[in-house]
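Next comes work31.cif, a file with mmCIF, C-alpha atoms and all ligand atoms.
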data_my_file
#
loop_
_atom_site.group_PDB
_atom_site.id
_atom_site.type_symbol
_atom_site.label_atom_id
_atom_site.label_comp_id
_atom_site.auth_asym_id
_atom_site.auth_seq_id
_atom_site.Cartn_x
_atom_site.Cartn_y
_atom_site.Cartn_z
ATOM 1 C CA MET Z 1 92.936 15.715 79.472
ATOM 2 C CA ALA Z 2 94.504 17.361 76.442
ATOM 3 C CA GLN Z 3 98.098 18.455 76.496
ATOM 4 C CA ASN Z 4 99.326 21.812 75.324
ATOM 5 C CA GLY Z 5 102.479 22.411 73.275
ATOM 6 C CA GLY Z 6 104.637 22.283 76.360
ATOM 7 C CA GLY Z 7 103.277 18.834 77.279
ATOM 8 C CA ARG Z 8 101.360 20.104 80.346
ATOM 9 C CA LYS Z 9 97.672 19.493 80.997
ATOM 10 C CA LYS Z 10 95.500 22.161 79.411
ATOM 11 C CA ARG Z 11 93.569 24.293 81.910
ATOM 12 C CA GLU Z 12 89.795 24.226 81.476
ATOM 13 C CA ARG Z 13 89.720 28.031 81.561
ATOM 14 C CA PRO Z 14 92.611 30.201 80.376
ATOM 15 C CA ASN Z 15 94.613 32.732 82.367
ATOM 16 C CA ILE Z 16 95.183 36.105 80.739
ATOM 17 C CA LEU Z 17 97.695 38.745 81.778
ATOM 18 C CA ILE Z 18 96.714 42.331 80.964
ATOM 19 C CA THR Z 19 99.681 44.625 81.272
ATOM 20 C CA GLY Z 20 100.786 48.073 80.110
ATOM 21 C CA THR Z 21 101.886 51.449 81.445
ATOM 22 C CA PRO Z 22 99.645 52.877 84.204
ATOM 23 C CA GLY Z 23 96.669 54.666 82.614
ATOM 24 C CA THR Z 24 96.515 52.581 79.431
ATOM 25 C CA GLY Z 25 93.215 51.056 80.568
ATOM 26 C CA LYS Z 26 94.174 47.737 82.158
ATOM 27 C CA SER Z 27 91.584 47.877 84.935
ATOM 28 C CA THR Z 28 88.793 49.233 82.726
ATOM 29 C CA THR Z 29 89.448 46.527 80.134
ATOM 30 C CA SER Z 30 89.880 43.775 82.752
ATOM 31 C CA VAL Z 31 86.603 44.591 84.509
ATOM 32 C CA ALA Z 32 84.683 44.565 81.212
ATOM 33 C CA LEU Z 33 86.379 41.380 80.004
ATOM 34 C CA ALA Z 34 85.820 39.603 83.338
ATOM 35 C CA GLU Z 35 82.109 40.348 82.990
ATOM 36 C CA ALA Z 36 81.898 39.417 79.300
ATOM 37 C CA ALA Z 37 83.883 36.177 79.556
ATOM 38 C CA SER Z 38 83.068 35.149 83.158
ATOM 39 C CA LEU Z 39 86.652 35.324 84.354
ATOM 40 C CA ARG Z 40 88.043 36.371 87.747
ATOM 41 C CA HIS Z 41 89.724 39.783 87.751
ATOM 42 C CA ILE Z 42 92.818 40.077 89.931
ATOM 43 C CA ASN Z 43 94.249 43.581 90.260
ATOM 44 C CA ILE Z 44 97.753 43.099 91.670
ATOM 45 C CA GLY Z 45 97.922 46.599 93.195
ATOM 46 C CA ASP Z 46 94.683 46.024 95.133
ATOM 47 C CA LEU Z 47 95.752 42.524 96.202
ATOM 48 C CA VAL Z 48 99.084 43.830 97.490
ATOM 49 C CA LYS Z 49 97.299 46.458 99.589
ATOM 50 C CA GLU Z 50 94.549 44.137 100.882
ATOM 51 C CA LYS Z 51 96.877 41.298 101.872
ATOM 52 C CA ASN Z 52 99.932 43.339 102.804
ATOM 53 C CA LEU Z 53 102.114 41.671 100.188
ATOM 54 C CA HIS Z 54 104.699 44.449 100.256
ATOM 55 C CA ASP Z 55 107.892 45.603 101.926
ATOM 56 C CA GLY Z 56 106.733 49.109 102.790
ATOM 57 C CA TRP Z 57 106.158 52.344 100.915
ATOM 58 C CA ASP Z 58 108.480 53.821 98.299
ATOM 59 C CA ASP Z 59 108.504 57.594 98.843
ATOM 60 C CA GLU Z 60 110.400 58.284 95.650
ATOM 61 C CA PHE Z 61 107.945 56.479 93.371
ATOM 62 C CA ASP Z 62 104.927 57.014 95.614
ATOM 63 C CA CYS Z 63 103.819 53.373 95.646
ATOM 64 C CA TYR Z 64 104.142 50.140 97.653
ATOM 65 C CA ILE Z 65 107.313 48.063 97.224
ATOM 66 C CA ILE Z 66 105.748 44.820 96.025
ATOM 67 C CA ASN Z 67 107.035 41.598 97.542
ATOM 68 C CA GLU Z 68 106.976 39.529 94.368
ATOM 69 C CA ASP Z 69 107.480 36.176 96.119
ATOM 70 C CA LEU Z 70 104.504 36.789 98.415
ATOM 71 C CA VAL Z 71 102.329 37.765 95.440
ATOM 72 C CA CYS Z 72 103.276 34.607 93.527
ATOM 73 C CA ASP Z 73 102.665 32.386 96.563
ATOM 74 C CA GLU Z 74 99.280 34.030 97.142
ATOM 75 C CA LEU Z 75 98.137 33.430 93.563
ATOM 76 C CA GLU Z 76 99.555 29.971 92.807
ATOM 77 C CA ASP Z 77 96.385 27.969 93.592
ATOM 78 C CA LEU Z 78 94.063 30.309 91.710
ATOM 79 C CA MET Z 79 96.323 30.354 88.692
ATOM 80 C CA GLU Z 80 96.469 26.575 88.728
ATOM 81 C CA GLN Z 81 92.634 26.498 88.616
ATOM 82 C CA GLY Z 82 92.567 28.872 85.611
ATOM 83 C CA GLY Z 83 89.931 31.413 84.574
ATOM 84 C CA ASN Z 84 91.836 34.497 85.755
ATOM 85 C CA ILE Z 85 92.642 37.927 84.376
ATOM 86 C CA VAL Z 86 95.724 39.336 86.081
ATOM 87 C CA ASP Z 87 95.984 43.124 85.778
ATOM 88 C CA HIS Z 88 99.392 44.656 86.493
ATOM 89 C CA HIS Z 89 101.829 47.270 85.165
ATOM 90 C CA GLY Z 90 104.686 44.763 85.224
ATOM 91 C CA CYS Z 91 104.978 41.233 83.920
ATOM 92 C CA ASP Z 92 108.457 39.834 84.435
ATOM 93 C CA PHE Z 93 108.117 38.261 87.883
ATOM 94 C CA PHE Z 94 105.177 35.896 87.307
ATOM 95 C CA PRO Z 95 105.908 32.275 86.405
ATOM 96 C CA GLU Z 96 105.762 31.950 82.619
ATOM 97 C CA ARG Z 97 103.570 28.825 82.892
ATOM 98 C CA TRP Z 98 100.725 30.805 84.465
ATOM 99 C CA PHE Z 99 99.568 32.554 81.304
ATOM 100 C CA ASP Z 100 97.913 31.444 78.088
ATOM 101 C CA TYR Z 101 97.675 34.951 76.637
ATOM 102 C CA VAL Z 102 99.526 38.193 77.426
ATOM 103 C CA VAL Z 103 97.920 41.473 76.374
ATOM 104 C CA VAL Z 104 99.941 44.698 76.338
ATOM 105 C CA LEU Z 105 97.710 47.782 76.171
ATOM 106 C CA GLN Z 106 99.166 50.844 74.454
ATOM 107 C CA THR Z 107 97.978 54.444 74.399
ATOM 108 C CA ASP Z 108 98.925 57.498 72.371
ATOM 109 C CA ASN Z 109 101.332 59.629 74.467
ATOM 110 C CA SER Z 110 99.254 62.798 74.538
ATOM 111 C CA VAL Z 111 96.098 60.855 75.495
ATOM 112 C CA LEU Z 112 98.036 59.048 78.225
ATOM 113 C CA TYR Z 113 99.500 62.336 79.480
ATOM 114 C CA ASP Z 114 95.980 63.728 79.971
ATOM 115 C CA ARG Z 115 94.754 60.567 81.743
ATOM 116 C CA LEU Z 116 97.701 60.557 84.145
ATOM 117 C CA THR Z 117 97.519 64.277 84.982
ATOM 118 C CA LYS Z 118 93.792 63.805 85.683
ATOM 119 C CA ARG Z 119 94.796 61.027 88.064
ATOM 120 C CA GLY Z 120 97.083 63.502 89.866
ATOM 121 C CA TYR Z 121 100.416 62.246 88.560
ATOM 122 C CA GLU Z 122 103.056 64.950 88.264
ATOM 123 C CA GLY Z 123 106.825 65.497 88.141
ATOM 124 C CA LYS Z 124 109.023 62.430 87.965
ATOM 125 C CA LYS Z 125 106.148 59.978 88.343
ATOM 126 C CA LEU Z 126 104.388 61.493 85.324
ATOM 127 C CA SER Z 127 107.488 61.734 83.123
ATOM 128 C CA ASN Z 128 108.681 58.213 84.029
ATOM 129 C CA ASN Z 129 105.361 56.727 82.979
ATOM 130 C CA ILE Z 130 105.200 58.689 79.728
ATOM 131 C CA GLU Z 131 108.749 57.562 78.904
ATOM 132 C CA CYS Z 132 107.776 53.995 79.776
ATOM 133 C CA GLU Z 133 105.052 54.222 77.114
ATOM 134 C CA ILE Z 134 107.220 55.990 74.515
ATOM 135 C CA PHE Z 135 109.920 53.310 74.789
ATOM 136 C CA GLN Z 136 107.372 50.452 74.822
ATOM 137 C CA VAL Z 137 108.960 49.097 77.984
ATOM 138 C CA LEU Z 138 106.065 46.757 78.813
ATOM 139 C CA LEU Z 139 105.885 45.290 75.317
ATOM 140 C CA GLU Z 140 109.590 44.514 75.455
ATOM 141 C CA GLU Z 141 109.261 43.081 78.974
ATOM 142 C CA ALA Z 142 106.353 40.866 77.845
ATOM 143 C CA ARG Z 143 108.255 39.632 74.784
ATOM 144 C CA ASP Z 144 111.287 38.878 76.947
ATOM 145 C CA SER Z 145 109.216 37.002 79.538
ATOM 146 C CA TYR Z 146 106.730 34.963 77.453
ATOM 147 C CA LYS Z 147 106.654 33.095 74.143
ATOM 148 C CA GLU Z 148 106.218 35.679 71.419
ATOM 149 C CA ASP Z 149 103.190 33.937 69.898
ATOM 150 C CA ILE Z 150 101.086 34.480 73.041
ATOM 151 C CA VAL Z 151 101.950 38.201 73.373
ATOM 152 C CA VAL Z 152 99.666 40.716 71.681
ATOM 153 C CA ALA Z 153 99.760 44.552 71.721
ATOM 154 C CA LEU Z 154 96.342 46.281 71.595
ATOM 155 C CA LYS Z 155 95.651 49.992 71.150
ATOM 156 C CA SER Z 156 93.614 51.597 73.965
ATOM 157 C CA ASP Z 157 93.088 55.245 72.987
ATOM 158 C CA ASN Z 158 89.307 55.548 73.211
ATOM 159 C CA ILE Z 159 86.088 53.849 74.248
ATOM 160 C CA ASP Z 160 85.688 52.135 70.859
ATOM 161 C CA ASP Z 161 89.074 50.495 71.408
ATOM 162 C CA ILE Z 162 87.853 49.094 74.738
ATOM 163 C CA ASP Z 163 84.749 47.615 73.077
ATOM 164 C CA THR Z 164 86.812 46.111 70.260
ATOM 165 C CA ASN Z 165 89.457 44.730 72.621
ATOM 166 C CA VAL Z 166 86.903 43.185 74.984
ATOM 167 C CA SER Z 167 85.053 41.600 72.097
ATOM 168 C CA THR Z 168 88.275 40.242 70.495
ATOM 169 C CA LEU Z 169 89.473 38.851 73.823
ATOM 170 C CA SER Z 170 86.076 37.318 74.687
ATOM 171 C CA ASP Z 171 86.125 35.516 71.332
ATOM 172 C CA TRP Z 172 89.628 34.296 72.084
ATOM 173 C CA VAL Z 173 88.491 32.925 75.490
ATOM 174 C CA ARG Z 174 85.504 31.164 73.892
ATOM 175 C CA ASN Z 175 87.693 29.571 71.234
ATOM 176 C CA TRP Z 176 90.375 28.579 73.729
ATOM 177 C CA SER Z 177 87.857 26.909 76.021
ATOM 178 C CA SER Z 178 86.253 24.949 73.166
ATOM 179 C CA LEU Z 179 89.574 23.574 71.901
ATOM 180 C CA PRO Z 180 90.468 20.045 73.016
HETATM 181 N N1 LIG X 1 90.487 53.116 75.958
HETATM 182 C C1 LIG X 1 90.101 54.112 76.782
HETATM 183 N N2 LIG X 1 89.347 55.127 76.305
HETATM 184 C C2 LIG X 1 88.971 56.143 77.107
HETATM 185 N N3 LIG X 1 89.276 56.237 78.427
HETATM 186 C C3 LIG X 1 90.012 55.235 78.945
HETATM 187 C C4 LIG X 1 90.459 54.145 78.172
HETATM 188 N N4 LIG X 1 91.172 53.311 78.962
HETATM 189 C C5 LIG X 1 91.173 53.877 80.171
HETATM 190 N N5 LIG X 1 90.482 55.028 80.178
HETATM 191 C C6 LIG X 1 90.323 55.931 81.313
HETATM 192 O O1 LIG X 1 91.633 56.237 81.759
HETATM 193 C C7 LIG X 1 91.725 56.154 83.180
HETATM 194 C C8 LIG X 1 92.738 55.081 83.565
HETATM 195 O O2 LIG X 1 92.197 53.812 83.212
HETATM 196 P P1 LIG X 1 92.542 52.498 84.035
HETATM 197 O O3 LIG X 1 91.702 51.401 83.480
HETATM 198 O O4 LIG X 1 92.461 52.764 85.509
HETATM 199 O O5 LIG X 1 94.074 52.288 83.616
HETATM 200 P P2 LIG X 1 95.189 51.315 84.270
HETATM 201 O O6 LIG X 1 94.467 50.216 84.975
HETATM 202 O O7 LIG X 1 95.982 50.844 83.082
HETATM 203 O O8 LIG X 1 96.008 52.197 85.164
HETATM 204 C C9 LIG X 1 90.314 55.894 83.685
HETATM 205 O O9 LIG X 1 89.728 57.127 83.998
HETATM 206 C C10 LIG X 1 89.616 55.257 82.488
HETATM 207 O O10 LIG X 1 88.243 55.529 82.471
#

Mind turning the file's structure into structure tokens?
Ligand SMILES: Nc1ncnc2c1ncn2[C@@H]1O[C@H](COP(=O)(O)OP(=O)(O)O)[C@@H](O)[C@H]1O
Amino acid sequence: MAQNGGGRKKRERPNILITGTPGTGKSTTSVALAEAASLRHINIGDLVKEKNLHDGWDDEFDCYIINEDLVCDELEDLMEQGGNIVDHHGCDFFPERWFDYVVVLQTDNSVLYDRLTKRGYEGKKLSNNIECEIFQVLLEEARDSYKEDIVVALKSDNIDDIDTNVSTLSDWVRNWSSLP
């Protein structure tokens, strides 16, 4: 089997991480891309709930406290197989070797504000997430955690952006899979 730059065996199907502030369109994009490119979509929030991979509920932030070790153990075999889209609003606790491409979705602040208020976010939860987007926290986290040449930022303001992003990423998957 071919080797990649790091000298490891190349997976037959790539693993993609789709990250970004909540509301930027990770799940919408992941579902469409999974369908278009025949990949498995793994939503970390859903997995944590389904398999109880958490250490209880955080009242302040109104979410589960993810047990990162349990999540990584749960996913190791699937990630080794390849062909996964991992969808999560954080990216610094996964093993770097898992991913062949890291996509950071970004949304205009006023558009994101409307999406999050529609979702029922308010107060500190709303302002924290808007600040997270303004300061490009996820892009910085992705660049700190993965090789810069596999990290890409994509705009996700409207439906046309979703179509363009899914089509660009599907092409990338096709090309990746056909490379030796
Ligand atoms: N690019 C986009 N254009 C228009 N609406 C979008 C876009 N991305 C997401 N949405 C809408 O915003 C909301 C949040 O999207 P979602 O995919 O759940 O975001 P995330 O998974 O990042 O939290 C949903 O109602 C979705 O339909």

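When all atoms listed in the file are used to measure the gap to ligand LIG 1 (chain X), the shortest distance among Z:Ser127, Z:Ser170, Z:Ser30, Z:Asn158 belongs to Z:Asn158.
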
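Around Val166 in chain Z, within 12 Å and counting all atoms listed in the file, the residues found are Ile18, Gly25, Lys26, Ser27, Thr28, Thr29, Ser30, Val31, Ala32, Leu33, Ala34, Glu35, Ala36, Ala37, Val103, Leu105, Leu154, Lys155, Ser156, Ile159, Asp160, Asp161, Ile162, Ser170, Asp171, Trp172 and Val173 of chain Z, once anything fewer than 4 positions away on its own chain is removed.
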
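Distances from Z:Cys72, Z:Val111, Z:Ile65, Z:Met79 to ligand LIG 1 (chain X) were compared using all atoms listed in the file, and the smallest one belongs to Z:Val111.
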
Query raised in the report: Quick one: residues within 12 Å of Gly90 in chain Z, all atoms listed in the file counted, chain neighbours fewer than 6 positions away excluded, as an NGL selection string?
Result: :Z and (17-22 or 26 or 43-45 or 66 or 68 or 102-105 or 132 or 137-142 or 145)

Query raised in the report: What gap, in Å, lies between CA of Lys125 in chain Z and CA of Val151 in chain Z?
Result: 26.8 Å

Can you list what the PyMOL selection byres (((chain Z and resi 83) around 10) and not hetatm) grabs from this structure, as a CSV table (one decimal) with C-alpha atoms, in the coordinates of the input?
chain,number,residue,atom,x,y,z
Z,11,ARG,CA,93.6,24.3,81.9
Z,12,GLU,CA,89.8,24.2,81.5
Z,13,ARG,CA,89.7,28.0,81.6
Z,14,PRO,CA,92.6,30.2,80.4
Z,15,ASN,CA,94.6,32.7,82.4
Z,16,ILE,CA,95.2,36.1,80.7
Z,34,ALA,CA,85.8,39.6,83.3
Z,37,ALA,CA,83.9,36.2,79.6
Z,38,SER,CA,83.1,35.1,83.2
Z,39,LEU,CA,86.7,35.3,84.4
Z,40,ARG,CA,88.0,36.4,87.7
Z,41,HIS,CA,89.7,39.8,87.8
Z,78,LEU,CA,94.1,30.3,91.7
Z,79,MET,CA,96.3,30.4,88.7
Z,80,GLU,CA,96.5,26.6,88.7
Z,81,GLN,CA,92.6,26.5,88.6
Z,82,GLY,CA,92.6,28.9,85.6
Z,84,ASN,CA,91.8,34.5,85.8
Z,85,ILE,CA,92.6,37.9,84.4
Z,86,VAL,CA,95.7,39.3,86.1
Z,173,VAL,CA,88.5,32.9,75.5
Z,177,SER,CA,87.9,26.9,76.0

Query - Reference answer for the PyMOL selection byres (((chain Z and resi 51-54) around 12) and not hetatm), as a VMD selection string - result: chain Z and resid 44 to 50 55 to 58 63 to 75

Query raised in the report: Out of Z:Lys9, Z:Arg119, Z:Lys147, Z:Arg97, which residue has the shortest atom-to-atom distance to ligand LIG 1 (chain X) when counting only C-alpha atoms and all ligand atoms?
Result: Z:Arg119

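The gap separating atom O7 of ligand LIG 1 (chain X) from CA of Lys124 in chain Z is 18.1 Å, in Å to one decimal.
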
Report task. Excluding range 107-110 of chain Z and residues on its chain fewer than 6 positions from it, collect all residues at most 8 Å away from it, counting all atoms listed in the file, and give them as a PyMOL selection string. Result -> chain Z and resi 24+130+133-134+155-157

Report task. Point out the residue among Z:Lys10, Z:Asn129, Z:Phe99, Z:Asp77 with the least atom-to-atom distance to ligand LIG 1 (chain X), counting only C-alpha atoms and all ligand atoms. Result -> Z:Asn129

Query raised in the report: What is the distance between atom O1 of ligand LIG 1 (chain X) and CA of Ile42 in chain Z, in Å to one decimal?
Result: 18.1 Å

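With distances taken over all atoms listed in the file, Z:Tyr121 is the one residue among Z:Tyr121, Z:Phe61, Z:Tyr101, Z:Phe94 lying closest to ligand LIG 1 (chain X).
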
Report task. Counting only C-alpha atoms and all ligand atoms, figure out which residue out of Z:Glu148, Z:Asp87, Z:Asp59, Z:Glu76 gets nearest to ligand LIG 1 (chain X). Result -> Z:Asp87

Please return the centre and edge lengths, in Å to one decimal, of a box with edges along x, y and z that contains all listed atoms of ligand LIG 1 (chain X), widened by 8 Å on every side, as AutoDock Vina command-line options.
--center_x 92.1 --center_y 53.7 --center_z 80.7 --size_x 23.8 --size_y 22.9 --size_z 25.6
